[in-house]
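Colleague: Sharing input-v3.csv (CSV, C-alpha atoms) below.
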chain,number,residue,atom,x,y,z
A,63,MET,CA,7.5,-3.0,44.4
A,64,LEU,CA,7.8,-6.6,43.4
A,65,LYS,CA,4.8,-6.4,41.1
A,66,LYS,CA,6.2,-3.3,39.5
A,67,THR,CA,9.5,-5.0,38.9
A,68,ILE,CA,7.8,-8.0,37.3
A,69,ILE,CA,5.8,-5.8,35.0
A,70,THR,CA,8.9,-3.8,34.0
A,71,THR,CA,10.9,-7.0,33.3
A,72,ALA,CA,8.1,-8.3,31.2
A,73,ILE,CA,8.0,-5.2,29.1
A,74,ILE,CA,11.7,-5.2,28.6
A,75,SER,CA,11.7,-8.9,27.7
A,76,ALA,CA,8.9,-8.3,25.1
A,77,GLY,CA,10.9,-5.5,23.6
A,78,PHE,CA,14.0,-7.7,23.2
A,79,ALA,CA,11.8,-10.5,21.7
A,80,GLY,CA,10.4,-8.1,19.2
A,81,THR,CA,13.8,-6.8,18.2
A,82,ALA,CA,15.1,-10.4,17.8
A,83,MET,CA,12.2,-11.3,15.7
A,84,ALA,CA,12.5,-8.3,13.5
A,85,ASP,CA,16.3,-8.7,13.1
A,86,GLY,CA,16.0,-12.1,11.3
A,87,THR,CA,13.1,-11.5,8.9
A,88,PHE,CA,15.1,-12.3,5.7
A,89,ASP,CA,16.6,-15.4,7.2
A,90,ALA,CA,13.1,-16.5,8.3
A,91,VAL,CA,11.8,-15.9,4.7
A,92,LYS,CA,14.6,-17.9,3.2
A,93,GLU,CA,14.0,-20.8,5.6
A,94,ARG,CA,10.3,-20.7,5.1
A,95,GLY,CA,10.5,-20.3,1.3
A,96,VAL,CA,7.7,-17.8,1.2
A,97,VAL,CA,7.0,-14.1,2.0
A,98,GLN,CA,4.1,-13.6,4.3
A,99,CYS,CA,2.3,-10.5,3.2
A,100,GLY,CA,-0.6,-8.7,4.9
A,101,VAL,CA,-3.2,-7.4,2.5
A,102,SER,CA,-6.7,-6.0,2.6
A,103,THR,CA,-9.8,-8.2,2.9
A,104,GLY,CA,-10.6,-7.3,-0.7
A,105,LEU,CA,-10.1,-4.0,-2.4
A,106,PRO,CA,-10.2,-4.0,-6.2
A,107,GLY,CA,-7.1,-2.6,-7.8
A,108,PHE,CA,-5.0,-2.9,-4.6
A,109,SER,CA,-5.4,-6.4,-3.2
A,110,VAL,CA,-8.2,-8.7,-4.1
A,111,ALA,CA,-8.5,-12.5,-4.7
A,112,ASP,CA,-10.4,-14.0,-7.5
A,113,ASP,CA,-12.7,-17.1,-7.3
A,114,LYS,CA,-9.6,-19.3,-7.6
A,115,GLY,CA,-7.8,-17.5,-4.7
A,116,VAL,CA,-5.3,-15.7,-7.0
A,117,TRP,CA,-4.4,-12.3,-5.5
A,118,THR,CA,-3.8,-9.3,-7.7
A,119,GLY,CA,-3.4,-5.5,-7.2
A,120,LEU,CA,-1.0,-2.7,-6.8
A,121,ASP,CA,-0.2,-3.6,-3.2
A,122,VAL,CA,0.0,-7.3,-4.1
A,123,ASP,CA,2.7,-6.4,-6.7
A,124,VAL,CA,4.9,-5.0,-4.0
A,125,CYS,CA,4.8,-8.3,-2.2
A,126,ARG,CA,5.5,-10.2,-5.5
A,127,ALA,CA,8.5,-7.9,-6.2
A,128,VAL,CA,10.0,-8.7,-2.8
A,129,ALA,CA,9.5,-12.4,-3.4
A,130,ALA,CA,11.2,-12.1,-6.8
A,131,ALA,CA,14.1,-10.2,-5.3
A,132,THR,CA,14.6,-12.5,-2.3
A,133,LEU,CA,13.5,-16.0,-3.5
A,134,GLY,CA,13.8,-15.6,-7.3
A,135,ASP,CA,10.1,-16.4,-7.7
A,136,ALA,CA,7.3,-13.8,-7.5
A,137,SER,CA,4.7,-16.4,-6.7
A,138,LYS,CA,6.3,-17.4,-3.4
A,139,VAL,CA,3.9,-15.2,-1.4
A,140,LYS,CA,1.4,-16.2,1.3
A,141,TYR,CA,-1.3,-13.5,1.4
A,142,ILE,CA,-3.0,-12.8,4.8
A,143,PRO,CA,-6.2,-10.7,4.6
A,144,LEU,CA,-6.4,-8.2,7.5
A,145,THR,CA,-8.9,-5.6,8.5
A,146,ALA,CA,-7.6,-2.0,9.3
A,147,LYS,CA,-7.8,-2.7,13.0
A,148,GLU,CA,-5.8,-6.0,12.7
A,149,ARG,CA,-3.0,-4.9,10.4
A,150,PHE,CA,-0.5,-3.3,12.7
A,151,THR,CA,-0.8,-6.0,15.4
A,152,ALA,CA,-0.2,-8.7,12.8
A,153,LEU,CA,3.0,-7.0,11.7
A,154,GLN,CA,4.2,-6.2,15.2
A,155,SER,CA,3.7,-9.8,16.3
A,156,GLY,CA,5.5,-11.3,13.4
A,157,GLU,CA,2.5,-12.9,11.8
A,158,ILE,CA,3.4,-11.2,8.5
A,159,ASP,CA,6.8,-10.0,7.1
A,160,ILE,CA,5.3,-7.0,5.1
A,161,LEU,CA,2.1,-5.0,5.4
A,162,SER,CA,1.1,-3.9,1.9
A,163,ARG,CA,-2.4,-2.8,2.5
A,164,ASN,CA,-3.3,0.7,1.3
A,165,THR,CA,-1.8,2.1,4.6
A,166,THR,CA,-1.2,5.8,5.1
A,167,TRP,CA,2.2,6.9,6.3
A,168,THR,CA,1.8,9.2,9.3
A,169,GLN,CA,4.1,10.6,12.0
A,170,THR,CA,2.3,8.6,14.8
A,171,ARG,CA,2.5,5.3,12.9
A,172,ASP,CA,6.1,5.9,11.8
A,173,THR,CA,7.4,6.8,15.3
A,174,THR,CA,5.3,5.0,18.0
A,175,LEU,CA,4.4,1.6,16.6
A,176,GLY,CA,7.8,0.1,16.1
A,177,LEU,CA,7.3,0.2,12.3
A,178,ASN,CA,9.0,1.7,9.3
A,179,PHE,CA,7.4,2.7,6.0
A,180,ALA,CA,9.4,1.6,3.1
A,181,GLY,CA,8.1,4.0,0.4
A,182,VAL,CA,4.9,5.4,-1.2
A,183,ASN,CA,3.4,3.2,-3.9
A,184,TYR,CA,0.3,5.4,-4.2
A,185,TYR,CA,-0.2,9.1,-3.4
A,186,ASP,CA,-3.8,9.5,-2.5
A,187,GLY,CA,-6.2,11.8,-0.6
A,188,GLN,CA,-9.5,11.3,1.3
A,189,GLY,CA,-12.8,12.1,-0.5
A,190,PHE,CA,-16.5,11.5,-0.4
A,191,MET,CA,-18.9,9.3,-2.5
A,192,VAL,CA,-22.6,10.1,-2.6
A,193,SER,CA,-25.7,8.8,-4.4
A,194,LYS,CA,-26.6,11.1,-7.3
A,195,ASN,CA,-30.1,11.1,-5.9
A,196,LEU,CA,-28.8,13.0,-2.8
A,197,GLY,CA,-28.6,16.1,-5.0
A,198,VAL,CA,-25.3,17.5,-3.7
A,199,SER,CA,-22.3,18.5,-5.7
A,200,SER,CA,-19.9,19.5,-2.9
A,201,ALA,CA,-18.8,18.1,0.4
A,202,LYS,CA,-19.6,21.5,1.9
A,203,GLU,CA,-23.3,20.5,1.4
A,204,LEU,CA,-23.1,17.5,3.7
A,205,ASP,CA,-24.1,19.2,7.0
A,206,GLY,CA,-26.1,16.7,9.1
A,207,ALA,CA,-25.2,13.7,6.9
A,208,ALA,CA,-24.8,10.1,8.1
A,209,VAL,CA,-21.3,9.0,7.0
A,210,CYS,CA,-20.2,5.4,6.4
A,211,ILE,CA,-16.6,5.0,7.5
A,212,GLN,CA,-14.2,2.1,8.2
A,213,ALA,CA,-12.8,1.7,11.7
A,214,GLY,CA,-9.1,1.9,12.5
A,215,THR,CA,-8.3,4.2,9.6
A,216,THR,CA,-6.9,7.8,9.3
A,217,THR,CA,-10.2,8.7,7.6
A,218,GLU,CA,-12.0,8.9,11.0
A,219,LEU,CA,-9.8,11.8,12.3
A,220,ASN,CA,-9.7,13.5,8.9
A,221,LEU,CA,-13.5,13.4,8.8
A,222,ALA,CA,-13.9,14.9,12.3
A,223,ASP,CA,-11.4,17.6,11.5
A,224,TYR,CA,-13.0,18.6,8.2
A,225,PHE,CA,-16.5,18.8,9.6
A,226,ARG,CA,-15.4,20.7,12.7
A,227,MET,CA,-13.4,23.3,10.6
A,228,LEU,CA,-16.5,23.9,8.5
A,229,GLY,CA,-18.8,24.1,11.5
A,230,MET,CA,-20.9,21.1,10.2
A,231,SER,CA,-22.3,18.1,12.0
A,232,TYR,CA,-22.4,14.5,10.9
A,233,SER,CA,-23.4,11.0,12.3
A,234,PRO,CA,-20.7,8.4,11.9
A,235,VAL,CA,-21.8,4.9,10.8
A,236,VAL,CA,-18.7,2.7,11.5
A,237,PHE,CA,-17.9,-0.7,10.0
A,238,ASP,CA,-14.9,-3.0,10.3
A,239,THR,CA,-14.3,-3.7,6.6
A,240,SER,CA,-14.5,-1.8,3.4
A,241,ASP,CA,-17.0,-4.3,2.0
A,242,GLN,CA,-19.3,-3.6,5.0
A,243,THR,CA,-19.0,0.2,4.4
A,244,VAL,CA,-20.1,-0.1,0.7
A,245,LYS,CA,-22.9,-2.4,1.6
A,246,GLY,CA,-24.0,0.1,4.3
A,247,PHE,CA,-23.9,2.9,1.8
A,248,GLU,CA,-25.8,0.9,-0.8
A,249,SER,CA,-28.5,-0.1,1.7
A,250,GLY,CA,-29.1,3.5,2.7
A,251,ARG,CA,-27.6,3.3,6.2
A,252,CYS,CA,-25.7,6.4,5.4
A,253,ASP,CA,-25.8,9.4,3.0
A,254,VAL,CA,-22.2,9.4,2.1
A,255,LEU,CA,-19.2,7.1,2.2
A,256,THR,CA,-15.8,8.5,2.9
A,257,SER,CA,-12.4,6.9,2.3
A,258,ASP,CA,-9.2,7.5,0.2
A,259,GLN,CA,-10.3,8.4,-3.3
A,260,SER,CA,-8.7,5.3,-4.8
A,261,GLN,CA,-10.9,3.2,-2.5
A,262,LEU,CA,-14.0,5.1,-3.5
A,263,TYR,CA,-13.4,4.3,-7.1
A,264,ALA,CA,-12.7,0.7,-6.2
A,265,LEU,CA,-15.8,0.4,-4.0
A,266,ARG,CA,-18.0,2.1,-6.5
A,267,ILE,CA,-17.6,-0.7,-9.0
A,268,LYS,CA,-18.9,-3.1,-6.3
A,269,LEU,CA,-22.3,-1.3,-6.3
A,270,GLU,CA,-25.1,-2.9,-8.2
A,271,ASN,CA,-25.5,0.3,-10.2
A,272,PRO,CA,-22.1,2.1,-10.1
A,273,SER,CA,-23.4,4.9,-12.3
A,274,ASP,CA,-25.8,5.9,-9.6
A,275,ALA,CA,-23.0,7.1,-7.3
A,276,MET,CA,-20.5,9.9,-7.8
A,277,VAL,CA,-17.3,11.0,-6.1
A,278,LEU,CA,-17.4,14.6,-5.0
A,279,PRO,CA,-14.5,16.9,-6.0
A,280,GLU,CA,-13.1,17.7,-2.6
A,281,VAL,CA,-9.9,16.0,-1.4
A,282,ILE,CA,-9.5,16.8,2.3
A,283,SER,CA,-6.2,15.1,3.2
A,284,LYS,CA,-2.8,13.8,2.2
A,285,GLU,CA,-2.7,10.0,2.1
A,286,PRO,CA,0.7,8.6,1.1
A,287,LEU,CA,0.1,4.9,1.0
A,288,GLY,CA,2.9,2.3,1.1
A,289,PRO,CA,4.4,-0.9,2.4
A,290,VAL,CA,5.4,-1.2,6.1
A,291,VAL,CA,7.9,-3.4,7.9
A,292,ARG,CA,9.0,-3.8,11.5
A,293,GLN,CA,11.8,-1.6,12.9
A,294,GLY,CA,15.0,-3.2,14.1
A,295,ASP,CA,15.8,-5.0,10.8
A,296,ASP,CA,17.7,-2.8,8.4
A,297,THR,CA,18.4,-5.6,6.0
A,298,TRP,CA,14.8,-6.4,5.5
A,299,PHE,CA,13.8,-2.7,5.5
A,300,ASN,CA,16.3,-2.1,2.7
A,301,ILE,CA,15.1,-5.1,0.7
A,302,VAL,CA,11.5,-4.0,0.7
A,303,LYS,CA,12.4,-0.4,0.1
A,304,TRP,CA,14.7,-1.1,-2.9
A,305,SER,CA,12.3,-3.7,-4.4
A,306,TYR,CA,9.8,-0.9,-4.8
A,307,ASN,CA,12.5,1.6,-5.9
A,308,ALA,CA,13.5,-0.9,-8.6
A,309,MET,CA,10.0,-0.9,-10.1
A,310,VAL,CA,10.0,3.0,-10.3
A,311,ASN,CA,13.6,3.1,-11.6
A,312,ALA,CA,12.7,0.5,-14.2
A,313,GLU,CA,9.9,2.6,-15.6
A,314,GLU,CA,12.2,5.6,-15.8
A,315,LEU,CA,14.8,3.6,-17.7
A,316,GLY,CA,12.2,2.2,-20.1
A,317,LEU,CA,12.6,-1.4,-18.8
A,318,THR,CA,9.5,-3.6,-19.0
A,319,SER,CA,8.7,-7.2,-18.5
A,320,ALA,CA,8.6,-7.5,-22.3
A,321,ASN,CA,11.9,-6.0,-23.2
A,322,ILE,CA,14.2,-6.5,-20.2
A,323,ASP,CA,15.9,-9.6,-21.7
A,324,LYS,CA,16.8,-7.7,-24.8
A,325,MET,CA,17.9,-4.7,-22.7
A,326,LYS,CA,20.3,-6.7,-20.6
A,327,THR,CA,23.0,-6.1,-23.3
A,328,SER,CA,22.3,-2.3,-23.4
A,329,ASP,CA,25.3,0.1,-23.5
A,330,ASN,CA,23.5,2.3,-21.0
A,331,PRO,CA,25.5,2.1,-17.8
A,332,ASN,CA,22.3,2.7,-15.7
A,333,ILE,CA,20.7,-0.3,-17.3
A,334,GLY,CA,23.9,-2.3,-16.8
A,335,ARG,CA,23.8,-1.6,-13.1
A,336,PHE,CA,20.1,-2.3,-12.9
A,337,VAL,CA,20.3,-5.8,-14.4
A,338,GLY,CA,23.3,-6.7,-12.3
A,339,ASN,CA,26.1,-6.5,-15.0
A,340,ASP,CA,27.9,-3.8,-13.0
A,341,GLY,CA,27.6,-1.6,-10.0
A,342,PRO,CA,26.5,-2.6,-6.5
A,343,LYS,CA,24.6,-5.7,-7.8
A,344,GLY,CA,23.1,-7.5,-4.8
A,345,SER,CA,25.8,-6.4,-2.3
A,346,GLY,CA,24.6,-4.9,0.9
A,347,MET,CA,21.3,-6.8,0.9
A,348,ASP,CA,22.5,-10.4,0.5
A,349,LEU,CA,20.6,-10.7,-2.8
A,350,ALA,CA,21.5,-12.3,-6.1
A,351,ASP,CA,23.1,-9.9,-8.6
A,352,ASP,CA,20.0,-10.1,-10.9
A,353,TRP,CA,17.5,-9.3,-8.1
A,354,ALA,CA,16.2,-6.2,-9.9
A,355,TYR,CA,16.0,-8.0,-13.2
A,356,GLN,CA,13.9,-10.7,-11.6
A,357,ILE,CA,11.4,-8.1,-10.3
A,358,VAL,CA,10.9,-6.5,-13.7
A,359,LYS,CA,10.8,-9.8,-15.6
A,360,GLN,CA,8.2,-11.4,-13.3
A,361,VAL,CA,6.2,-8.4,-12.0
A,362,GLY,CA,7.0,-5.5,-14.3
A,363,ASN,CA,7.8,-1.9,-13.7
A,364,TYR,CA,5.7,0.5,-11.7
A,365,GLY,CA,3.9,1.9,-14.7
A,366,GLU,CA,2.9,-1.6,-15.8
A,367,SER,CA,1.6,-2.5,-12.4
A,368,PHE,CA,-0.3,0.8,-12.1
A,369,ASP,CA,-1.9,0.4,-15.5
A,370,ARG,CA,-3.1,-3.2,-15.2
A,371,ASN,CA,-4.4,-2.8,-11.6
A,372,VAL,CA,-5.8,0.7,-11.2
A,373,GLY,CA,-5.1,2.6,-14.5
A,374,GLU,CA,-6.4,2.5,-18.0
A,375,GLY,CA,-5.9,-1.2,-18.3
A,376,SER,CA,-8.2,-1.9,-15.3
A,377,ALA,CA,-11.8,-1.5,-14.4
A,378,LEU,CA,-11.0,1.5,-12.2
A,379,LYS,CA,-9.3,3.6,-15.0
A,380,ILE,CA,-7.7,6.0,-12.6
A,381,SER,CA,-5.4,8.5,-14.2
A,382,ARG,CA,-1.7,8.6,-13.2
A,383,GLY,CA,-2.0,12.1,-11.7
A,384,LEU,CA,0.3,12.5,-8.7
A,385,ASN,CA,1.5,8.9,-9.3
A,386,ALA,CA,3.1,9.8,-12.6
A,387,LEU,CA,6.9,9.7,-12.6
A,388,TRP,CA,8.6,12.9,-11.5
A,389,SER,CA,9.8,13.5,-15.0
A,390,GLU,CA,6.1,13.5,-16.2
A,391,GLY,CA,4.9,16.0,-13.5
A,392,GLY,CA,4.1,13.4,-10.8
A,393,LEU,CA,5.6,12.5,-7.4
A,394,GLN,CA,6.9,9.0,-8.1
A,395,PHE,CA,10.7,9.3,-7.7
A,396,ALA,CA,13.2,6.7,-6.7
A,397,PRO,CA,16.9,7.2,-5.6
A,398,PRO,CA,19.4,6.0,-8.3
A,399,MET,CA,20.7,2.4,-8.3
A,400,ARG,CA,24.4,3.0,-8.1
Output the structure of this file as structure tokens.

Modeller:
Amino acid sequence: MLKKTIITTAIISAGFAGTAMADGTFDAVKERGVVQCGVSTGLPGFSVADDKGVWTGLDVDVCRAVAAATLGDASKVKYIPLTAKERFTALQSGEIDILSRNTTWTQTRDTTLGLNFAGVNYYDGQGFMVSKNLGVSSAKELDGAAVCIQAGTTTELNLADYFRMLGMSYSPVVFDTSDQTVKGFESGRCDVLTSDQSQLYALRIKLENPSDAMVLPEVISKEPLGPVVRQGDDTWFNIVKWSYNAMVNAEELGLTSANIDKMKTSDNPNIGRFVGNDGPKGSGMDLADDWAYQIVKQVGNYGESFDRNVGEGSALKISRGLNALWSEGGLQFAPPMR
């Protein structure tokens, strides 16, 4: 009985500690003077460091937006590379303030890990990449294939479900990082590499001969990717959520990093509210009135971020597709700032 009581008390104490830690994230960020952001170990287009240690990517821009909103400086970010297996523990333990690491929003992750997803910055789906020499044109031809896959991801379950439904078999070849999976694929340890399609395009450019590989047409899952924070801190959750929403709203309003200074005097009431001349300004989040202006001035709107990191202005050249604004036939939609 005593042992059980001690264990129960420890669990309760840990729960209170986690809540206390989560509740003061913004205060901790202000005191520290930097946002601690969990990113990938290196995925072109989403989060990758150059040879000088400068991080760029679609996920990186979410972290930069939060830093611009909270600290007035998009550069005030400490990037912490994490594998898929490490990422949730790092967030739960308080090692990072935000996880912005091509992470899929699922029911289990949203309801059982003590975490909240703050939005979807990339709508994706799982696919397959093969060598053209394999001679297949469809995932339905992969019966008996060896499949390279990254541990700790939703792709493992999706892969098992897909092959089981089609009555096919496969041999998993599991790695800890995305770099390891692409090296395994290139060395011939597997016939096919499976991941989110965005990752497949990013990983393909890491191959010695990218043109030798092709992404098959099948998309076998829904993968809404987005930033994650701890539960129990509504203020920080709102800040991260609305920092991203500001980028989407800015694109819809035609506000860019190049024109936002000129647009500050616009007669459009929506723009006036956005830049902090009117409306809710920073109230409710303890932010400066120009928090959204700072995001666009320093980071850009969602379209600018998409284009330079994964779109036509990048090496990946991924079309907007589902990630176009709702007004352009896509899924990107943000609540109004009023």

Colleague: So which residues touch Val361 in chain A within 8 Å, counting all atoms listed in the file, skipping near sequence neighbours fewer than 3 positions away, as a ChimeraX atom specification?

Modeller: /A:123,126-127,136,319,357-358,367

Colleague: Restricting the calculation to only C-alpha atoms: of A:Phe336, A:Tyr355, A:Tyr263, A:Tyr141, which residue gets closest to Asp323 in chain A?

Modeller: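 When distances to Asp323 in chain A are compared using only C-alpha atoms, the smallest one comes from A:Tyr355.
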
Colleague: For CA of Trp304 in chain A and CA of Ile380 in chain A, quote the distance in Å rounded to one decimal.

Modeller: 25.4 Å

Colleague: Figure out the distance between CA of Phe299 in chain A and CA of Gln261 in chain A, please, to one decimal in Å.

Modeller: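 Taking CA of Gln261 in chain A as the start and CA of Phe299 in chain A as the end point, the length is 26.6 Å.
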
Colleague: Considering only C-alpha atoms, can you say which of A:Pro234, A:Gly100, A:Gly197, A:Pro272 comes closest to Gln212 in chain A?

Modeller: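 Nearest to Gln212 in chain A: A:Pro234.
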
Colleague: To one decimal place in Å, what is the distance between CA of Leu221 in chain A and CA of Phe150 in chain A?

Modeller: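 Straight-line distance from CA of Leu221 in chain A to CA of Phe150 in chain A works out to 21.5 Å.
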
Colleague: Identify the residues within 8 Å of coordinate (-20.1, 17.3, -3.5) (same frame as the file), considering all atoms listed in the file, and give the answer as JSON, numbers by chain.

Modeller: {"A": [190, 192, 198, 199, 200, 201, 202, 203, 204, 277, 278, 279, 280]}

Colleague: Please determine, counting all atoms listed in the file, which residue among A:Ser137, A:Asn178, A:Ser109, A:Thr217 has the shortest atom-to-atom distance to Pro289 in chain A.

Modeller: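 The closest residue to Pro289 in chain A is A:Asn178.
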
Colleague: Which of these, A:Cys252, A:Leu287, A:Ala131, A:Val116, has the shortest distance to Thr168 in chain A once you count only C-alpha atoms?

Modeller: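 Closest residue, counting only C-alpha atoms: A:Leu287.
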
Colleague: I'd like to know which of A:Ala264, A:Ala180, A:Ala320, A:Ala129 is closest to Asn371 in chain A, using only C-alpha atoms.

Modeller: A:Ala264

Colleague: So that I can see what lies close to Phe247 in chain A, please list as a list in words the residues with an atom at most 10 Å from it, counting all atoms listed in the file and leaving out residues fewer than 3 positions away in the same chain.

Modeller: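 Answer for this query is Met191, Val192, Ser193, Ala208, Val209, Cys210, Ile211, Val235, Asp241, Gln242, Thr243, Val244, Gly250, Arg251, Cys252, Asp253, Val254, Leu255, Thr256 and Leu269 of chain A.
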
Colleague: Residues proximal to (15.5, 7.1, -5.2) were defined as those with any atom within 9 Å of that point in the file's coordinates, counting only C-alpha atoms. Which are they, as a VMD selection string?

Modeller: chain A and resid 304 307 to 308 310 to 311 395 to 399

Colleague: Please determine, counting all atoms listed in the file, which residue among A:Asp112, A:Lys138, A:Thr215, A:Arg171 has the shortest atom-to-atom distance to Gln154 in chain A.

Modeller: A:Arg171

Colleague: Can you list, as a ChimeraX atom specification, every protein, DNA or RNA residue that comes within 8 Å of Trp167 in chain A when you count all atoms listed in the file, leaving out same-chain residues fewer than 4 positions away?

Modeller: /A:171-172,179,285-288

Colleague: I want to know what sits within 10 Å of Ala386 in chain A, based on only C-alpha atoms, with residues of the same chain fewer than 4 positions away left out; could you give that as a list in words?

Modeller: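 Everything that qualifies: Tyr184, Tyr185, Val310, Tyr364, Gly365, Phe368, Ser381, Arg382, Glu390, Gly391, Gly392, Leu393, Gln394 and Phe395 of chain A.
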